[in-house]
>>> print(open('target.pdb').read())   # PDB, C-alpha atoms, pLDDT in the B column
ATOM      1  CA  MET A  29      92.319  33.956 116.601  1.00 49.00           C
ATOM      2  CA  SER A  30      92.236  30.398 115.368  1.00 50.00           C
ATOM      3  CA  SER A  31      92.667  27.419 117.670  1.00 56.00           C
ATOM      4  CA  ILE A  32      95.985  26.652 115.960  1.00 59.00           C
ATOM      5  CA  GLU A  33      97.309  30.137 116.844  1.00 58.00           C
ATOM      6  CA  THR A  34      96.000  29.832 120.406  1.00 63.00           C
ATOM      7  CA  THR A  35      97.590  26.424 120.739  1.00 88.00           C
ATOM      8  CA  MET A  36     100.881  27.698 119.315  1.00 85.00           C
ATOM      9  CA  GLY A  37     100.808  30.686 121.686  1.00 81.00           C
ATOM     10  CA  GLU A  38     100.202  28.413 124.683  1.00 85.00           C
ATOM     11  CA  ARG A  39     102.969  26.087 123.522  1.00 83.00           C
ATOM     12  CA  LEU A  40     105.318  29.069 123.187  1.00 78.00           C
ATOM     13  CA  LYS A  41     104.494  30.137 126.760  1.00 74.00           C
ATOM     14  CA  ASP A  42     105.109  26.569 127.971  1.00 75.00           C
ATOM     15  CA  ALA A  43     108.452  26.475 126.168  1.00 77.00           C
ATOM     16  CA  PHE A  44     109.680  29.718 127.733  1.00 70.00           C
ATOM     17  CA  ARG A  45     108.478  28.705 131.201  1.00 73.00           C
ATOM     18  CA  ARG A  46     111.156  26.017 130.932  1.00 62.00           C
ATOM     19  CA  HIS A  47     113.839  28.575 130.080  1.00 60.00           C
ATOM     20  CA  PRO A  48     115.399  30.302 133.103  1.00 57.00           C
ATOM     21  CA  THR A  49     116.218  33.996 132.701  1.00 63.00           C
ATOM     22  CA  GLY A  50     117.705  36.821 134.682  1.00 72.00           C
ATOM     23  CA  VAL A  51     115.431  39.421 136.256  1.00 84.00           C
ATOM     24  CA  ALA A  52     115.471  43.202 135.907  1.00 92.00           C
ATOM     25  CA  VAL A  53     113.317  46.132 136.873  1.00 95.00           C
ATOM     26  CA  ILE A  54     113.096  48.706 134.113  1.00 98.00           C
ATOM     27  CA  ALA A  55     112.332  52.176 135.454  1.00 98.00           C
ATOM     28  CA  ALA A  56     111.739  55.630 134.010  1.00 98.00           C
ATOM     29  CA  GLY A  57     110.816  59.044 135.305  1.00 96.00           C
ATOM     30  CA  GLY A  58     107.717  60.611 133.855  1.00 86.00           C
ATOM     31  CA  PRO A  59     105.235  63.461 134.141  1.00 88.00           C
ATOM     32  CA  ARG A  60     103.117  61.371 136.556  1.00 90.00           C
ATOM     33  CA  GLY A  61     106.113  60.212 138.586  1.00 93.00           C
ATOM     34  CA  PRO A  62     108.324  57.171 138.217  1.00 97.00           C
ATOM     35  CA  ALA A  63     107.129  54.053 136.402  1.00 96.00           C
ATOM     36  CA  GLY A  64     108.632  50.582 136.495  1.00 97.00           C
ATOM     37  CA  LEU A  65     108.082  46.938 135.698  1.00 96.00           C
ATOM     38  CA  THR A  66     109.754  43.583 136.131  1.00 92.00           C
ATOM     39  CA  ALA A  67     111.265  42.138 132.959  1.00 93.00           C
ATOM     40  CA  SER A  68     112.847  38.784 132.217  1.00 86.00           C
ATOM     41  CA  SER A  69     113.430  39.543 128.541  1.00 88.00           C
ATOM     42  CA  VAL A  70     116.537  41.747 128.875  1.00 92.00           C
ATOM     43  CA  ALA A  71     119.387  40.783 126.557  1.00 92.00           C
ATOM     44  CA  SER A  72     122.705  42.240 125.506  1.00 93.00           C
ATOM     45  CA  VAL A  73     122.571  43.121 121.799  1.00 96.00           C
ATOM     46  CA  SER A  74     125.906  44.730 121.020  1.00 95.00           C
ATOM     47  CA  VAL A  75     129.090  45.831 122.757  1.00 95.00           C
ATOM     48  CA  ASP A  76     130.125  48.309 120.043  1.00 96.00           C
ATOM     49  CA  PRO A  77     127.890  50.244 120.009  1.00 96.00           C
ATOM     50  CA  PRO A  78     126.669  49.263 123.487  1.00 97.00           C
ATOM     51  CA  ALA A  79     123.031  48.172 123.172  1.00 97.00           C
ATOM     52  CA  LEU A  80     120.445  46.005 124.883  1.00 98.00           C
ATOM     53  CA  SER A  81     116.911  44.842 124.207  1.00 97.00           C
ATOM     54  CA  PHE A  82     113.786  43.885 126.115  1.00 97.00           C
ATOM     55  CA  SER A  83     110.087  43.519 125.431  1.00 95.00           C
ATOM     56  CA  VAL A  84     107.050  44.943 127.201  1.00 97.00           C
ATOM     57  CA  MET A  85     103.305  44.531 126.911  1.00 92.00           C
ATOM     58  CA  GLY A  86     100.778  47.392 126.892  1.00 85.00           C
ATOM     59  CA  THR A  87     100.546  48.083 130.622  1.00 90.00           C
ATOM     60  CA  ARG A  88     100.436  51.611 132.043  1.00 92.00           C
ATOM     61  CA  SER A  89     104.018  51.226 133.281  1.00 94.00           C
ATOM     62  CA  ALA A  90     105.147  49.919 129.888  1.00 96.00           C
ATOM     63  CA  ARG A  91     103.540  52.870 128.097  1.00 95.00           C
ATOM     64  CA  ALA A  92     105.351  55.288 130.438  1.00 95.00           C
ATOM     65  CA  ILE A  93     108.686  53.568 129.773  1.00 97.00           C
ATOM     66  CA  LEU A  94     108.083  53.556 125.998  1.00 97.00           C
ATOM     67  CA  ALA A  95     107.356  57.306 126.120  1.00 97.00           C
ATOM     68  CA  ALA A  96     110.458  58.156 128.173  1.00 97.00           C
ATOM     69  CA  PRO A  97     113.575  59.577 126.530  1.00 98.00           C
ATOM     70  CA  SER A  98     115.709  57.371 128.815  1.00 98.00           C
ATOM     71  CA  PHE A  99     115.321  54.716 131.510  1.00 98.00           C
ATOM     72  CA  THR A 100     117.310  52.372 133.713  1.00 98.00           C
ATOM     73  CA  VAL A 101     117.541  48.613 133.454  1.00 97.00           C
ATOM     74  CA  ASN A 102     118.330  47.413 136.974  1.00 96.00           C
ATOM     75  CA  LEU A 103     119.703  43.852 136.954  1.00 93.00           C
ATOM     76  CA  LEU A 104     118.535  42.261 140.189  1.00 92.00           C
ATOM     77  CA  GLY A 105     120.318  40.014 142.639  1.00 87.00           C
ATOM     78  CA  PRO A 106     118.987  37.448 145.116  1.00 86.00           C
ATOM     79  CA  GLU A 107     118.049  40.037 147.735  1.00 89.00           C
ATOM     80  CA  HIS A 108     115.562  41.617 145.279  1.00 90.00           C
ATOM     81  CA  ALA A 109     113.059  38.748 144.890  1.00 88.00           C
ATOM     82  CA  GLY A 110     110.372  40.687 146.783  1.00 91.00           C
ATOM     83  CA  LEU A 111     110.995  43.807 144.713  1.00 93.00           C
ATOM     84  CA  ALA A 112     110.730  41.766 141.503  1.00 91.00           C
ATOM     85  CA  ARG A 113     107.365  40.406 142.695  1.00 91.00           C
ATOM     86  CA  ASP A 114     106.161  43.911 143.609  1.00 94.00           C
ATOM     87  CA  PHE A 115     106.998  45.315 140.172  1.00 95.00           C
ATOM     88  CA  ALA A 116     105.513  42.269 138.423  1.00 92.00           C
ATOM     89  CA  ARG A 117     102.055  42.915 139.946  1.00 90.00           C
ATOM     90  CA  PRO A 118      99.933  45.804 138.644  1.00 88.00           C
ATOM     91  CA  ASP A 119      99.007  46.786 142.207  1.00 89.00           C
ATOM     92  CA  GLY A 120     102.397  46.102 143.804  1.00 92.00           C
ATOM     93  CA  PRO A 121     104.207  48.828 145.756  1.00 95.00           C
ATOM     94  CA  ARG A 122     106.702  50.777 143.678  1.00 96.00           C
ATOM     95  CA  PHE A 123     109.518  53.179 144.489  1.00 97.00           C
ATOM     96  CA  THR A 124     109.024  53.026 148.250  1.00 94.00           C
ATOM     97  CA  PRO A 125     111.797  54.158 150.611  1.00 90.00           C
ATOM     98  CA  GLU A 126     112.128  50.539 151.867  1.00 93.00           C
ATOM     99  CA  GLN A 127     112.946  49.353 148.345  1.00 95.00           C
ATOM    100  CA  GLY A 128     116.078  51.531 148.266  1.00 94.00           C
ATOM    101  CA  TRP A 129     115.476  53.603 145.112  1.00 97.00           C
ATOM    102  CA  ASP A 130     117.392  56.757 144.260  1.00 97.00           C
ATOM    103  CA  VAL A 131     117.247  59.152 141.295  1.00 97.00           C
ATOM    104  CA  LEU A 132     120.143  59.791 138.914  1.00 97.00           C
ATOM    105  CA  PRO A 133     121.131  63.412 138.203  1.00 97.00           C
ATOM    106  CA  THR A 134     119.609  62.833 134.729  1.00 96.00           C
ATOM    107  CA  GLY A 135     116.209  62.036 136.330  1.00 96.00           C
ATOM    108  CA  GLU A 136     115.871  58.251 135.973  1.00 98.00           C
ATOM    109  CA  PRO A 137     115.057  56.092 139.014  1.00 98.00           C
ATOM    110  CA  VAL A 138     117.955  53.804 139.910  1.00 98.00           C
ATOM    111  CA  LEU A 139     118.367  50.947 142.364  1.00 96.00           C
ATOM    112  CA  PRO A 140     121.842  51.420 143.912  1.00 93.00           C
ATOM    113  CA  GLY A 141     121.813  47.886 145.377  1.00 90.00           C
ATOM    114  CA  ALA A 142     121.248  46.219 141.996  1.00 94.00           C
ATOM    115  CA  GLN A 143     123.988  44.010 140.581  1.00 92.00           C
ATOM    116  CA  ALA A 144     124.179  46.534 137.746  1.00 93.00           C
ATOM    117  CA  SER A 145     122.080  49.452 136.559  1.00 97.00           C
ATOM    118  CA  LEU A 146     122.230  50.362 132.903  1.00 98.00           C
ATOM    119  CA  ARG A 147     121.090  53.830 131.882  1.00 98.00           C
ATOM    120  CA  ALA A 148     119.746  53.577 128.350  1.00 98.00           C
ATOM    121  CA  ALA A 149     117.839  55.462 125.658  1.00 98.00           C
ATOM    122  CA  PRO A 150     115.566  53.888 123.056  1.00 98.00           C
ATOM    123  CA  LEU A 151     117.006  53.426 119.567  1.00 97.00           C
ATOM    124  CA  ARG A 152     114.080  51.542 118.081  1.00 97.00           C
ATOM    125  CA  LEU A 153     110.628  50.396 119.170  1.00 97.00           C
ATOM    126  CA  VAL A 154     109.325  47.401 117.253  1.00 97.00           C
ATOM    127  CA  PRO A 155     105.628  46.522 117.710  1.00 96.00           C
ATOM    128  CA  VAL A 156     105.002  42.764 117.640  1.00 94.00           C
ATOM    129  CA  GLY A 157     101.442  41.623 118.394  1.00 92.00           C
ATOM    130  CA  ASP A 158     100.479  43.010 121.796  1.00 91.00           C
ATOM    131  CA  SER A 159     104.126  43.594 122.772  1.00 94.00           C
ATOM    132  CA  THR A 160     106.837  46.078 121.884  1.00 97.00           C
ATOM    133  CA  VAL A 161     110.479  45.117 121.515  1.00 97.00           C
ATOM    134  CA  VAL A 162     112.759  47.913 122.686  1.00 98.00           C
ATOM    135  CA  ILE A 163     116.280  48.203 121.337  1.00 98.00           C
ATOM    136  CA  ALA A 164     118.210  50.746 123.375  1.00 98.00           C
ATOM    137  CA  THR A 165     121.650  52.287 123.434  1.00 98.00           C
ATOM    138  CA  VAL A 166     123.451  51.967 126.765  1.00 98.00           C
ATOM    139  CA  LEU A 167     124.541  55.394 128.010  1.00 98.00           C
ATOM    140  CA  ASP A 168     126.067  54.382 131.336  1.00 97.00           C
ATOM    141  CA  VAL A 169     126.782  51.259 133.388  1.00 97.00           C
ATOM    142  CA  LEU A 170     126.724  51.415 137.179  1.00 96.00           C
ATOM    143  CA  LEU A 171     128.078  48.239 138.750  1.00 95.00           C
ATOM    144  CA  GLY A 172     126.815  47.145 142.148  1.00 90.00           C
ATOM    145  CA  PRO A 173     127.577  44.159 144.327  1.00 84.00           C
ATOM    146  CA  ALA A 174     127.657  40.700 142.737  1.00 81.00           C
ATOM    147  CA  ARG A 175     126.042  38.473 145.373  1.00 82.00           C
ATOM    148  CA  GLY A 176     124.510  35.548 143.504  1.00 75.00           C
ATOM    149  CA  ARG A 177     121.625  35.367 141.066  1.00 77.00           C
ATOM    150  CA  LEU A 178     117.904  35.950 140.870  1.00 63.00           C
ATOM    151  CA  VAL A 179     116.370  33.787 138.160  1.00 63.00           C
ATOM    152  CA  HIS A 180     112.855  33.641 136.753  1.00 52.00           C
ATOM    153  CA  HIS A 181     111.789  30.109 135.854  1.00 50.00           C
ATOM    154  CA  ASP A 182     108.346  28.535 135.470  1.00 52.00           C
ATOM    155  CA  ARG A 183     106.526  31.659 136.778  1.00 60.00           C
ATOM    156  CA  GLU A 184     108.610  31.835 139.962  1.00 60.00           C
ATOM    157  CA  PHE A 185     111.670  33.720 141.172  1.00 57.00           C
ATOM    158  CA  HIS A 186     114.549  31.496 142.312  1.00 56.00           C
ATOM    159  CA  ILE A 187     117.496  32.655 144.401  1.00 67.00           C
ATOM    160  CA  HIS A 188     120.972  31.244 143.785  1.00 63.00           C
ATOM    161  CA  HIS A 189     123.980  32.054 145.964  1.00 66.00           C
ATOM    162  CA  GLY A 190     127.594  31.171 145.363  1.00 62.00           C
ATOM    163  CA  ASP A 191     129.309  29.742 142.304  1.00 57.00           C
ATOM    164  CA  GLY A 192     127.132  26.673 141.657  1.00 51.00           C
ATOM    165  CA  ILE A 193     124.511  26.721 138.953  1.00 48.00           C
TER     166      ILE A 193
END
>>> encode(input="target.pdb", output="structure tokens")
Amino acid sequence: MSSIETTMGERLKDAFRRHPTGVAVIAAGGPRGPAGLTASSVASVSVDPPALSFSVMGTRSARAILAAPSFTVNLLGPEHAGLARDFARPDGPRFTPEQGWDVLPTGEPVLPGAQASLRAAPLRLVPVGDSTVVIATVLDVLLGPARGRLVHHDREFHIHHGDGI
């Protein structure tokens, strides 16, 4: 990689560190048990047909999610900052009873306390460098309590309560 590409990549990271995003844990069932990861790249793509997108890198959890026929995208609230940290670390605890996970009748892990959990199935996987962009159809929307916001900004999770920004 040339120094120009490295510099551009670092500048891109710096730019997105300045851009606050929502936080989700994407989870799938698999032959080796459930897999999950924290994502701040979740976006609504279309309402008709209902679709969303996110990107993942080549971690073990990401590979399990990419191989799954369906998964959940659990949109986190302020009470889930610790859970977001756990799923962001490769060695963090996952799917413990204390975290409050359940399993849908269709087999995907779901976080009932999430602000919303979207059950989705991949439509298209688009490799880009060392990442994969997932475009998925939304099969079901489970709404939970709306109790503020959990935001990822400058490599940290920030909790916001109430109506103020």
>>> closest_atom_pairs(input="target.pdb", of="region 48-86 of chain A", to="region 156-167 of chain A", cutoff="8 Å", atoms="only C-alpha atoms", output="CSV")
residue,atom,partner,partner_atom,distance
A:Pro77,CA,A:Thr165,CA,7.4
A:Pro78,CA,A:Val166,CA,5.3
A:Ala79,CA,A:Thr165,CA,4.3
A:Leu80,CA,A:Ala164,CA,5.5
A:Ser81,CA,A:Ile163,CA,4.5
A:Phe82,CA,A:Val162,CA,5.4
A:Ser83,CA,A:Val161,CA,4.2
A:Val84,CA,A:Thr160,CA,5.4
A:Met85,CA,A:Ser159,CA,4.3
A:Gly86,CA,A:Ser159,CA,6.5
>>> atom_distance(input="target.pdb", atom1="CA of Ala55 (chain A)", atom2="CA of Val101 (chain A)")
6.6 Å
>>> closest_residue(input="target.pdb", among="A:Glu136, A:Asp119, A:Asp114, A:Asp76", to="Phe99 (chain A)", atoms="all atoms listed in the file")
A:Glu136
>>> closest_residue(input="target.pdb", among="A:Val51, A:Leu104, A:Leu94, A:Val138", to="Ser68 (chain A)", atoms="only C-alpha atoms")
A:Val51
>>> atom_distance(input="target.pdb", atom1="CA of Ala95 (chain A)", atom2="CA of Thr124 (chain A)")
22.6 Å
>>> decode(input="target.pdb", residues="region 45-148 of chain A", atoms="C-alpha atoms", output="PDB file, in the first residue's frame")
ATOM      1  CA  ARG A  45     -14.527   9.450  14.197  1.00  0.00           C
ATOM      2  CA  ARG A  46     -16.105  12.908  14.047  1.00  0.00           C
ATOM      3  CA  HIS A  47     -19.419  11.497  12.825  1.00  0.00           C
ATOM      4  CA  PRO A  48     -21.707  10.204  15.591  1.00  0.00           C
ATOM      5  CA  THR A  49     -23.694   7.057  14.804  1.00  0.00           C
ATOM      6  CA  GLY A  50     -26.203   4.784  16.435  1.00  0.00           C
ATOM      7  CA  VAL A  51     -25.078   1.456  17.871  1.00  0.00           C
ATOM      8  CA  ALA A  52     -26.368  -2.045  17.168  1.00  0.00           C
ATOM      9  CA  VAL A  53     -25.419  -5.598  17.963  1.00  0.00           C
ATOM     10  CA  ILE A  54     -25.866  -7.889  14.989  1.00  0.00           C
ATOM     11  CA  ALA A  55     -26.431 -11.496  16.036  1.00  0.00           C
ATOM     12  CA  ALA A  56     -26.932 -14.831  14.307  1.00  0.00           C
ATOM     13  CA  GLY A  57     -27.326 -18.436  15.322  1.00  0.00           C
ATOM     14  CA  GLY A  58     -24.838 -20.868  13.889  1.00  0.00           C
ATOM     15  CA  PRO A  59     -23.499 -24.411  14.031  1.00  0.00           C
ATOM     16  CA  ARG A  60     -20.996 -23.356  16.735  1.00  0.00           C
ATOM     17  CA  GLY A  61     -23.573 -21.382  18.711  1.00  0.00           C
ATOM     18  CA  PRO A  62     -24.586 -17.747  18.518  1.00  0.00           C
ATOM     19  CA  ALA A  63     -22.265 -15.112  17.064  1.00  0.00           C
ATOM     20  CA  GLY A  64     -22.505 -11.352  17.406  1.00  0.00           C
ATOM     21  CA  LEU A  65     -20.692  -8.073  16.982  1.00  0.00           C
ATOM     22  CA  THR A  66     -21.156  -4.386  17.642  1.00  0.00           C
ATOM     23  CA  ALA A  67     -21.831  -2.290  14.548  1.00  0.00           C
ATOM     24  CA  SER A  68     -22.119   1.448  14.044  1.00  0.00           C
ATOM     25  CA  SER A  69     -22.631   1.198  10.289  1.00  0.00           C
ATOM     26  CA  VAL A  70     -26.317   0.181  10.259  1.00  0.00           C
ATOM     27  CA  ALA A  71     -28.479   2.229   7.901  1.00  0.00           C
ATOM     28  CA  SER A  72     -31.999   2.082   6.553  1.00  0.00           C
ATOM     29  CA  VAL A  73     -31.879   1.473   2.791  1.00  0.00           C
ATOM     30  CA  SER A  74     -35.488   1.171   1.699  1.00  0.00           C
ATOM     31  CA  VAL A  75     -38.984   1.114   3.163  1.00  0.00           C
ATOM     32  CA  ASP A  76     -40.580  -0.657   0.180  1.00  0.00           C
ATOM     33  CA  PRO A  77     -39.138  -3.236   0.077  1.00  0.00           C
ATOM     34  CA  PRO A  78     -37.936  -2.984   3.689  1.00  0.00           C
ATOM     35  CA  ALA A  79     -34.131  -3.194   3.661  1.00  0.00           C
ATOM     36  CA  LEU A  80     -31.108  -2.177   5.695  1.00  0.00           C
ATOM     37  CA  SER A  81     -27.347  -2.258   5.309  1.00  0.00           C
ATOM     38  CA  PHE A  82     -24.244  -2.573   7.453  1.00  0.00           C
ATOM     39  CA  SER A  83     -20.598  -3.456   6.992  1.00  0.00           C
ATOM     40  CA  VAL A  84     -18.374  -5.960   8.772  1.00  0.00           C
ATOM     41  CA  MET A  85     -14.701  -6.844   8.711  1.00  0.00           C
ATOM     42  CA  GLY A  86     -13.300 -10.391   8.550  1.00  0.00           C
ATOM     43  CA  THR A  87     -13.612 -11.382  12.207  1.00  0.00           C
ATOM     44  CA  ARG A  88     -14.817 -14.823  13.295  1.00  0.00           C
ATOM     45  CA  SER A  89     -18.144 -13.316  14.382  1.00  0.00           C
ATOM     46  CA  ALA A  90     -18.489 -11.464  11.074  1.00  0.00           C
ATOM     47  CA  ARG A  91     -17.841 -14.653   9.098  1.00  0.00           C
ATOM     48  CA  ALA A  92     -20.544 -16.459  11.108  1.00  0.00           C
ATOM     49  CA  ILE A  93     -23.035 -13.652  10.440  1.00  0.00           C
ATOM     50  CA  LEU A  94     -22.166 -13.583   6.718  1.00  0.00           C
ATOM     51  CA  ALA A  95     -22.766 -17.352   6.525  1.00  0.00           C
ATOM     52  CA  ALA A  96     -26.124 -17.225   8.331  1.00  0.00           C
ATOM     53  CA  PRO A  97     -29.398 -17.365   6.407  1.00  0.00           C
ATOM     54  CA  SER A  98     -30.832 -14.726   8.779  1.00  0.00           C
ATOM     55  CA  PHE A  99     -29.782 -12.565  11.726  1.00  0.00           C
ATOM     56  CA  THR A 100     -31.027  -9.842  14.036  1.00  0.00           C
ATOM     57  CA  VAL A 101     -29.948  -6.224  14.119  1.00  0.00           C
ATOM     58  CA  ASN A 102     -30.561  -5.078  17.692  1.00  0.00           C
ATOM     59  CA  LEU A 103     -30.639  -1.270  17.936  1.00  0.00           C
ATOM     60  CA  LEU A 104     -29.261  -0.412  21.361  1.00  0.00           C
ATOM     61  CA  GLY A 105     -30.366   2.133  23.917  1.00  0.00           C
ATOM     62  CA  PRO A 106     -28.444   3.901  26.687  1.00  0.00           C
ATOM     63  CA  GLU A 107     -28.650   0.970  29.096  1.00  0.00           C
ATOM     64  CA  HIS A 108     -26.660  -1.193  26.632  1.00  0.00           C
ATOM     65  CA  ALA A 109     -23.310   0.658  26.638  1.00  0.00           C
ATOM     66  CA  GLY A 110     -21.598  -2.216  28.475  1.00  0.00           C
ATOM     67  CA  LEU A 111     -23.076  -4.776  26.093  1.00  0.00           C
ATOM     68  CA  ALA A 112     -21.881  -2.729  23.105  1.00  0.00           C
ATOM     69  CA  ARG A 113     -18.360  -2.700  24.587  1.00  0.00           C
ATOM     70  CA  ASP A 114     -18.492  -6.460  25.228  1.00  0.00           C
ATOM     71  CA  PHE A 115     -19.480  -7.243  21.638  1.00  0.00           C
ATOM     72  CA  ALA A 116     -16.916  -4.780  20.258  1.00  0.00           C
ATOM     73  CA  ARG A 117     -14.014  -6.683  21.885  1.00  0.00           C
ATOM     74  CA  PRO A 118     -12.902 -10.027  20.427  1.00  0.00           C
ATOM     75  CA  ASP A 119     -12.648 -11.517  23.925  1.00  0.00           C
ATOM     76  CA  GLY A 120     -15.721  -9.822  25.407  1.00  0.00           C
ATOM     77  CA  PRO A 121     -18.496 -11.888  27.001  1.00  0.00           C
ATOM     78  CA  ARG A 122     -21.332 -12.707  24.627  1.00  0.00           C
ATOM     79  CA  PHE A 123     -24.849 -14.042  25.067  1.00  0.00           C
ATOM     80  CA  THR A 124     -24.633 -14.335  28.846  1.00  0.00           C
ATOM     81  CA  PRO A 125     -27.803 -14.606  30.949  1.00  0.00           C
ATOM     82  CA  GLU A 126     -26.986 -11.194  32.520  1.00  0.00           C
ATOM     83  CA  GLN A 127     -27.072  -9.553  29.087  1.00  0.00           C
ATOM     84  CA  GLY A 128     -30.740 -10.508  28.648  1.00  0.00           C
ATOM     85  CA  TRP A 129     -30.629 -12.431  25.348  1.00  0.00           C
ATOM     86  CA  ASP A 130     -33.426 -14.663  24.109  1.00  0.00           C
ATOM     87  CA  VAL A 131     -33.867 -16.746  20.944  1.00  0.00           C
ATOM     88  CA  LEU A 132     -36.609 -16.178  18.372  1.00  0.00           C
ATOM     89  CA  PRO A 133     -38.707 -19.178  17.276  1.00  0.00           C
ATOM     90  CA  THR A 134     -36.808 -18.914  13.952  1.00  0.00           C
ATOM     91  CA  GLY A 135     -33.478 -19.452  15.790  1.00  0.00           C
ATOM     92  CA  GLU A 136     -31.849 -16.001  15.806  1.00  0.00           C
ATOM     93  CA  PRO A 137     -30.596 -14.474  19.072  1.00  0.00           C
ATOM     94  CA  VAL A 138     -32.608 -11.398  20.032  1.00  0.00           C
ATOM     95  CA  LEU A 139     -32.221  -8.755  22.719  1.00  0.00           C
ATOM     96  CA  PRO A 140     -35.761  -8.110  24.039  1.00  0.00           C
ATOM     97  CA  GLY A 141     -34.652  -4.915  25.828  1.00  0.00           C
ATOM     98  CA  ALA A 142     -33.289  -3.310  22.651  1.00  0.00           C
ATOM     99  CA  GLN A 143     -34.997  -0.199  21.313  1.00  0.00           C
ATOM    100  CA  ALA A 144     -35.807  -2.295  18.248  1.00  0.00           C
ATOM    101  CA  SER A 145     -34.734  -5.666  16.900  1.00  0.00           C
ATOM    102  CA  LEU A 146     -34.893  -6.208  13.172  1.00  0.00           C
ATOM    103  CA  ARG A 147     -34.919  -9.775  11.889  1.00  0.00           C
ATOM    104  CA  ALA A 148     -33.293  -9.751   8.469  1.00  0.00           C
TER     105      ALA A 148
END
